[in-house]
Amino acid sequence: MVFYDIFVIHNNNIEYIQMSIAERIIRIKKSIPSNVCLVAVSKTKSYNEIMEAYETGHRVFGENKVQELTKKHEELPKDIQWHFIGHLQSNKVKYIAPFISLLHGVDSLKLLKTINKEAKKNHRTIPCLLQFHIARESTKFGFSLDEFEEMMHSSPLGELKNINLCGVMGMATYTDDENQIAQEFDTLANIFQHLKKTYFKEEDNFKEISMGMSGDYPLAIKKGSSIIRVGSSIFGARNY
Ligand SMILES: *Cc1c(COP(=O)(O)O)cnc(C)c1O
């Protein structure tokens with residue numbers, strides 16, 4: 001499948017124009033506020049496709065498979081800031097701990113403890129986002145607010161010195177219903193505000209809300225997103 005970005009009427013015919021990766025990423029960056037971070041989601045995309053985006057000056061890329069990410073990290077320029085946006089298994093943390101810039105999908109105490117341990121081994125602190133379940137689908141990962149609060153009461157996270165908690169992340173339901181998506185983004189923004197004032201008042205780093213993908217990032221930004229994760233609108237549809 002090919003995605004066309006614009007159409008023009010020419011000699012009474014509709015002509016579809018496909019933009020390049022470079023044109024798309026530049027266009028998206030111009031259209032979003034400068035304080036919103038764009039993660040270019042490059043999963044399944046090749047070295048050359050990623051380099052086309054890189055050569056526009058873009059440096060923040062996202063992947064959701066550990067093996068694919070470590071390979072790309074080895075091959076591609078070292079000043080890329082890699083974000084991990086997938087579901088991370090504890091036994092794989094060690095492969096990305098040395099270099100990862102931000103872990104978006106942290107959703108258990110076990111995972112937090114493992115990340116802390118691996119970060120320590122690498123003499124660094126790892127920035128992490130807490131993933132919350134905001135979608136109606138039961139397949140999406142993430143804490144519920146209750147689960148998170150229970151964890152905070154039974155095992156406060158203060159001793160995890162090598163973790164830098166930077167905020168929250170969530171994925172809306174895959175649907176055309178904009179009202180529903182808007183509600184789910186509001187839910188995440190409210191969770192963020194609640195956590196900020198209850199647990200992270202003194203933590204200046206706790207400030208990010210990662211929400212919004214190709215289909216819904218303008219809405220997510222309206223709802224307070226500070227990090228958007230955009231794949232197909234930059235690189236085109238993925239072939240799995
Ligand atoms: C693939 C993916 C994206 C990007 O999806 P697009 O619809 O292609 O923009 C964003 N977030 C996560 C967690 C993903 O897995």
# chains A, B, ... in the order shown; residues from 1 in each chain; ligands from 1
>>> select_by_dssp(residues="region 68-166 of chain A", states="strand (DSSP E or B)", output="short mmCIF file (atom, residue, chain, number, x, y, z; two decimals) with N, CA, C and O atoms, in the first residue's frame")
data_model
loop_
_atom_site.label_atom_id
_atom_site.label_comp_id
_atom_site.auth_asym_id
_atom_site.auth_seq_id
_atom_site.Cartn_x
_atom_site.Cartn_y
_atom_site.Cartn_z
N GLN A 81 19.46 9.87 19.33
CA GLN A 81 18.87 9.59 20.64
C GLN A 81 17.78 8.56 20.43
O GLN A 81 16.75 8.86 19.85
N TRP A 82 18.04 7.35 20.90
CA TRP A 82 17.07 6.26 20.70
C TRP A 82 16.08 6.19 21.85
O TRP A 82 16.47 6.17 23.01
N HIS A 83 14.80 6.15 21.49
CA HIS A 83 13.75 5.93 22.48
C HIS A 83 13.20 4.52 22.29
O HIS A 83 12.96 4.11 21.15
N PHE A 84 12.99 3.81 23.39
CA PHE A 84 12.33 2.50 23.27
C PHE A 84 10.85 2.70 23.59
O PHE A 84 10.50 3.17 24.67
N LEU A 102 15.49 7.24 26.30
CA LEU A 102 14.24 7.28 27.06
C LEU A 102 13.48 5.98 26.85
O LEU A 102 13.29 5.53 25.72
N LEU A 103 13.04 5.39 27.97
CA LEU A 103 12.20 4.18 27.93
C LEU A 103 10.75 4.60 28.14
O LEU A 103 10.41 5.09 29.22
N HIS A 104 9.89 4.40 27.12
CA HIS A 104 8.51 4.91 27.22
C HIS A 104 7.56 3.97 27.96
O HIS A 104 6.57 4.42 28.49
N GLY A 105 7.81 2.66 27.90
CA GLY A 105 6.74 1.73 28.28
C GLY A 105 6.93 1.02 29.61
O GLY A 105 6.66 -0.17 29.72
N VAL A 106 7.33 1.72 30.66
CA VAL A 106 7.63 1.04 31.91
C VAL A 106 6.35 0.84 32.71
O VAL A 106 5.66 1.81 33.04
N ILE A 126 18.82 6.13 33.90
CA ILE A 126 18.04 5.96 32.68
C ILE A 126 16.70 6.69 32.82
O ILE A 126 15.93 6.41 33.74
N PRO A 127 16.42 7.62 31.91
CA PRO A 127 15.12 8.29 31.91
C PRO A 127 14.00 7.32 31.51
O PRO A 127 14.15 6.58 30.54
N CYS A 128 12.91 7.33 32.26
CA CYS A 128 11.79 6.41 32.02
C CYS A 128 10.45 7.13 32.09
O CYS A 128 10.30 8.08 32.86
N LEU A 129 9.50 6.64 31.31
CA LEU A 129 8.12 7.09 31.42
C LEU A 129 7.27 5.93 31.93
O LEU A 129 7.47 4.78 31.52
N LEU A 130 6.33 6.22 32.82
CA LEU A 130 5.41 5.21 33.32
C LEU A 130 4.27 5.04 32.33
O LEU A 130 3.60 6.02 31.99
N GLN A 131 4.06 3.82 31.87
CA GLN A 131 2.96 3.61 30.93
C GLN A 131 1.66 3.35 31.67
O GLN A 131 1.60 2.52 32.58
N PHE A 132 0.62 4.07 31.27
CA PHE A 132 -0.72 3.86 31.83
C PHE A 132 -1.65 3.32 30.77
O PHE A 132 -1.55 3.68 29.59
N PHE A 143 0.02 0.45 33.57
CA PHE A 143 -0.57 0.50 34.91
C PHE A 143 -1.99 1.05 34.83
O PHE A 143 -2.28 1.89 33.98
N ILE A 163 17.20 5.51 38.27
CA ILE A 163 16.07 5.74 37.38
C ILE A 163 15.65 7.20 37.49
O ILE A 163 15.57 7.75 38.58
N ASN A 164 15.44 7.80 36.34
CA ASN A 164 14.98 9.18 36.30
C ASN A 164 13.56 9.17 35.74
O ASN A 164 13.36 9.04 34.53
N LEU A 165 12.56 9.26 36.62
CA LEU A 165 11.18 9.21 36.15
C LEU A 165 10.78 10.56 35.57
O LEU A 165 10.78 11.57 36.27
N CYS A 166 10.46 10.56 34.29
CA CYS A 166 10.25 11.82 33.55
C CYS A 166 8.79 12.10 33.23
O CYS A 166 8.48 13.15 32.67
#
>>> residues_near_ligand(ligand="ligand 1", cutoff="7 Å", atoms="only C-alpha atoms and all ligand atoms", output="list of chain:residue names")
A:Val41, A:Lys43, A:Asn64, A:Ile85, A:Gly86, A:Met171, A:Met213, A:Ser214, A:Gly215, A:Arg229, A:Val230, A:Gly231, A:Ser232, A:Ser233
>>> residues_around(residues="Ile28 (chain A)", least_positions_apart="5", cutoff="9 Å", atoms="only C-alpha atoms", output="mmCIF file with all heavy atoms, in the first residue's frame")
data_model
loop_
_atom_site.group_PDB
_atom_site.id
_atom_site.type_symbol
_atom_site.label_atom_id
_atom_site.label_comp_id
_atom_site.auth_asym_id
_atom_site.auth_seq_id
_atom_site.Cartn_x
_atom_site.Cartn_y
_atom_site.Cartn_z
ATOM 1 N N GLU A 23 10.830 15.473 3.272
ATOM 2 C CA GLU A 23 9.781 16.505 3.194
ATOM 3 C C GLU A 23 8.735 16.312 4.298
ATOM 4 O O GLU A 23 8.263 17.270 4.899
ATOM 5 C CB GLU A 23 9.078 16.444 1.830
ATOM 6 C CG GLU A 23 9.900 17.027 0.702
ATOM 7 C CD GLU A 23 9.308 16.697 -0.680
ATOM 8 O OE1 GLU A 23 8.713 15.614 -0.866
ATOM 9 O OE2 GLU A 23 9.464 17.531 -1.585
ATOM 10 N N LEU A 38 9.323 15.406 18.853
ATOM 11 C CA LEU A 38 8.875 14.413 17.864
ATOM 12 C C LEU A 38 9.810 13.207 17.908
ATOM 13 O O LEU A 38 11.008 13.329 17.670
ATOM 14 C CB LEU A 38 8.899 15.024 16.456
ATOM 15 C CG LEU A 38 8.711 14.041 15.296
ATOM 16 C CD1 LEU A 38 7.314 13.425 15.293
ATOM 17 C CD2 LEU A 38 8.991 14.717 13.956
ATOM 18 N N SER A 233 3.311 8.429 9.220
ATOM 19 C CA SER A 233 3.200 9.743 8.570
ATOM 20 C C SER A 233 4.560 10.284 8.117
ATOM 21 O O SER A 233 4.617 11.221 7.334
ATOM 22 C CB SER A 233 2.563 10.776 9.502
ATOM 23 O OG SER A 233 1.189 10.510 9.617
ATOM 24 N N ILE A 234 5.632 9.705 8.621
ATOM 25 C CA ILE A 234 6.968 10.103 8.174
ATOM 26 C C ILE A 234 7.505 9.103 7.154
ATOM 27 O O ILE A 234 7.945 9.475 6.069
ATOM 28 C CB ILE A 234 7.953 10.177 9.369
ATOM 29 C CG1 ILE A 234 7.523 11.273 10.342
ATOM 30 C CG2 ILE A 234 9.393 10.421 8.878
ATOM 31 C CD1 ILE A 234 8.284 11.251 11.667
#
>>> residues_around(residues="Asp146 (chain A)", least_positions_apart="4", cutoff="12 Å", atoms="only C-alpha atoms", output="CSV table (one decimal) with all heavy atoms, in the first residue's frame")
chain,number,residue,atom,x,y,z
A,132,PHE,N,0.6,4.1,31.3
A,132,PHE,CA,-0.7,3.9,31.8
A,132,PHE,C,-1.7,3.3,30.8
A,132,PHE,O,-1.6,3.7,29.6
A,132,PHE,CB,-1.3,5.2,32.4
A,132,PHE,CG,-0.7,5.4,33.8
A,132,PHE,CD1,0.5,6.1,33.9
A,132,PHE,CD2,-1.2,4.9,34.9
A,132,PHE,CE1,1.1,6.3,35.1
A,132,PHE,CE2,-0.6,5.1,36.2
A,132,PHE,CZ,0.6,5.8,36.3
A,133,HIS,N,-2.5,2.5,31.2
A,133,HIS,CA,-3.5,1.8,30.3
A,133,HIS,C,-4.7,2.8,30.2
A,133,HIS,O,-5.5,3.0,31.2
A,133,HIS,CB,-4.0,0.5,31.0
A,133,HIS,CG,-5.0,-0.2,30.1
A,133,HIS,ND1,-4.6,-1.2,29.2
A,133,HIS,CD2,-6.3,0.0,30.0
A,133,HIS,CE1,-5.7,-1.6,28.6
A,133,HIS,NE2,-6.8,-0.9,29.1
A,142,GLY,N,0.2,-1.5,30.5
A,142,GLY,CA,0.2,-0.3,31.3
A,142,GLY,C,-0.4,-0.4,32.6
A,142,GLY,O,-1.2,-1.3,32.9
A,150,GLU,N,-1.0,1.8,44.6
A,150,GLU,CA,-0.7,0.6,45.5
A,150,GLU,C,0.8,0.4,45.5
A,150,GLU,O,1.3,0.2,46.6
A,150,GLU,CB,-1.4,-0.6,44.9
A,150,GLU,CG,-2.0,-1.5,46.0
A,150,GLU,CD,-2.9,-2.5,45.3
A,150,GLU,OE1,-4.1,-2.2,45.1
A,150,GLU,OE2,-2.4,-3.6,44.9
A,151,MET,N,1.4,0.4,44.4
A,151,MET,CA,2.8,0.2,44.3
A,151,MET,C,3.6,1.3,45.1
A,151,MET,O,4.5,1.0,45.8
A,151,MET,CB,3.3,0.2,42.8
A,151,MET,CG,4.8,0.0,42.7
A,151,MET,SD,5.3,0.0,40.9
A,151,MET,CE,5.5,1.8,40.7
A,152,MET,N,3.1,2.5,44.9
A,152,MET,CA,3.8,3.7,45.6
A,152,MET,C,3.7,3.5,47.1
A,152,MET,O,4.6,4.0,47.8
A,152,MET,CB,3.2,5.0,45.1
A,152,MET,CG,3.6,5.4,43.7
A,152,MET,SD,5.3,5.5,43.4
A,152,MET,CE,5.7,7.2,43.9
A,153,HIS,N,2.6,3.0,47.6
A,153,HIS,CA,2.4,2.9,49.0
A,153,HIS,C,3.2,1.7,49.6
A,153,HIS,O,3.8,1.8,50.6
A,153,HIS,CB,0.9,2.8,49.4
A,153,HIS,CG,0.2,4.1,49.1
A,153,HIS,ND1,-1.0,4.1,48.4
A,153,HIS,CD2,0.5,5.3,49.3
A,153,HIS,CE1,-1.4,5.4,48.3
A,153,HIS,NE2,-0.4,6.1,48.8
A,191,ILE,N,-4.1,11.9,34.9
A,191,ILE,CA,-3.2,11.0,35.7
A,191,ILE,C,-1.9,11.7,35.9
A,191,ILE,O,-1.4,11.8,37.0
A,191,ILE,CB,-3.0,9.7,34.9
A,191,ILE,CG1,-4.3,8.8,35.0
A,191,ILE,CG2,-1.9,8.9,35.6
A,191,ILE,CD1,-4.3,7.5,34.2
A,195,LEU,N,-0.4,12.6,39.6
A,195,LEU,CA,0.9,12.1,40.0
A,195,LEU,C,1.9,13.2,40.4
A,195,LEU,O,2.6,13.2,41.4
A,195,LEU,CB,1.6,11.2,39.0
A,195,LEU,CG,0.8,9.9,38.6
A,195,LEU,CD1,1.7,9.1,37.6
A,195,LEU,CD2,0.4,9.1,39.7
>>> select_by_dssp(residues="region 22-226 of chain A", states="helix (DSSP H, G or I)", output="VMD selection string")
chain A and resid 22 to 31 47 to 54 66 to 75 90 to 96 109 to 121 145 to 154 157 to 159 178 to 198 217 to 222
>>> residues_around(residues="Thr44 (chain A)", least_positions_apart="3", cutoff="9 Å", atoms="only C-alpha atoms", output="PDB file with N, CA, C and O atoms, in the first residue's frame")
ATOM      1  N   GLU A  63      12.047   2.885  18.514  1.00  0.00           N
ATOM      2  CA  GLU A  63      11.939   1.496  18.087  1.00  0.00           C
ATOM      3  C   GLU A  63      11.182   0.712  19.152  1.00  0.00           C
ATOM      4  O   GLU A  63      11.196   1.098  20.329  1.00  0.00           O
ATOM      5  N   GLU A  68      16.096  -5.346  17.034  1.00  0.00           N
ATOM      6  CA  GLU A  68      16.152  -4.395  15.913  1.00  0.00           C
ATOM      7  C   GLU A  68      16.829  -3.092  16.368  1.00  0.00           C
ATOM      8  O   GLU A  68      17.638  -2.507  15.645  1.00  0.00           O
ATOM      9  N   ARG A 238       3.980   0.547   7.051  1.00  0.00           N
ATOM     10  CA  ARG A 238       4.966  -0.499   7.325  1.00  0.00           C
ATOM     11  C   ARG A 238       4.545  -1.809   6.682  1.00  0.00           C
ATOM     12  O   ARG A 238       3.381  -2.168   6.700  1.00  0.00           O
ATOM     13  N   ASN A 239       5.514  -2.533   6.121  1.00  0.00           N
ATOM     14  CA  ASN A 239       5.252  -3.905   5.662  1.00  0.00           C
ATOM     15  C   ASN A 239       5.807  -4.852   6.707  1.00  0.00           C
ATOM     16  O   ASN A 239       6.994  -4.875   6.931  1.00  0.00           O
ATOM     17  N   TYR A 240       4.939  -5.603   7.333  1.00  0.00           N
ATOM     18  CA  TYR A 240       5.448  -6.568   8.313  1.00  0.00           C
ATOM     19  C   TYR A 240       5.717  -7.909   7.658  1.00  0.00           C
ATOM     20  O   TYR A 240       5.134  -8.238   6.655  1.00  0.00           O
TER      21      TYR A 240
END
>>> closest_residue(among="A:Gln89, A:Asn179, A:Gln193, A:Thr173", to="Gln67 (chain A)", atoms="only C-alpha atoms")
A:Gln89
>>> residues_around(residues="Tyr174 (chain A)", least_positions_apart="5", cutoff="12 Å", atoms="only C-alpha atoms", output="ChimeraX atom specification")
/A:134-140,180-181,184,212-216
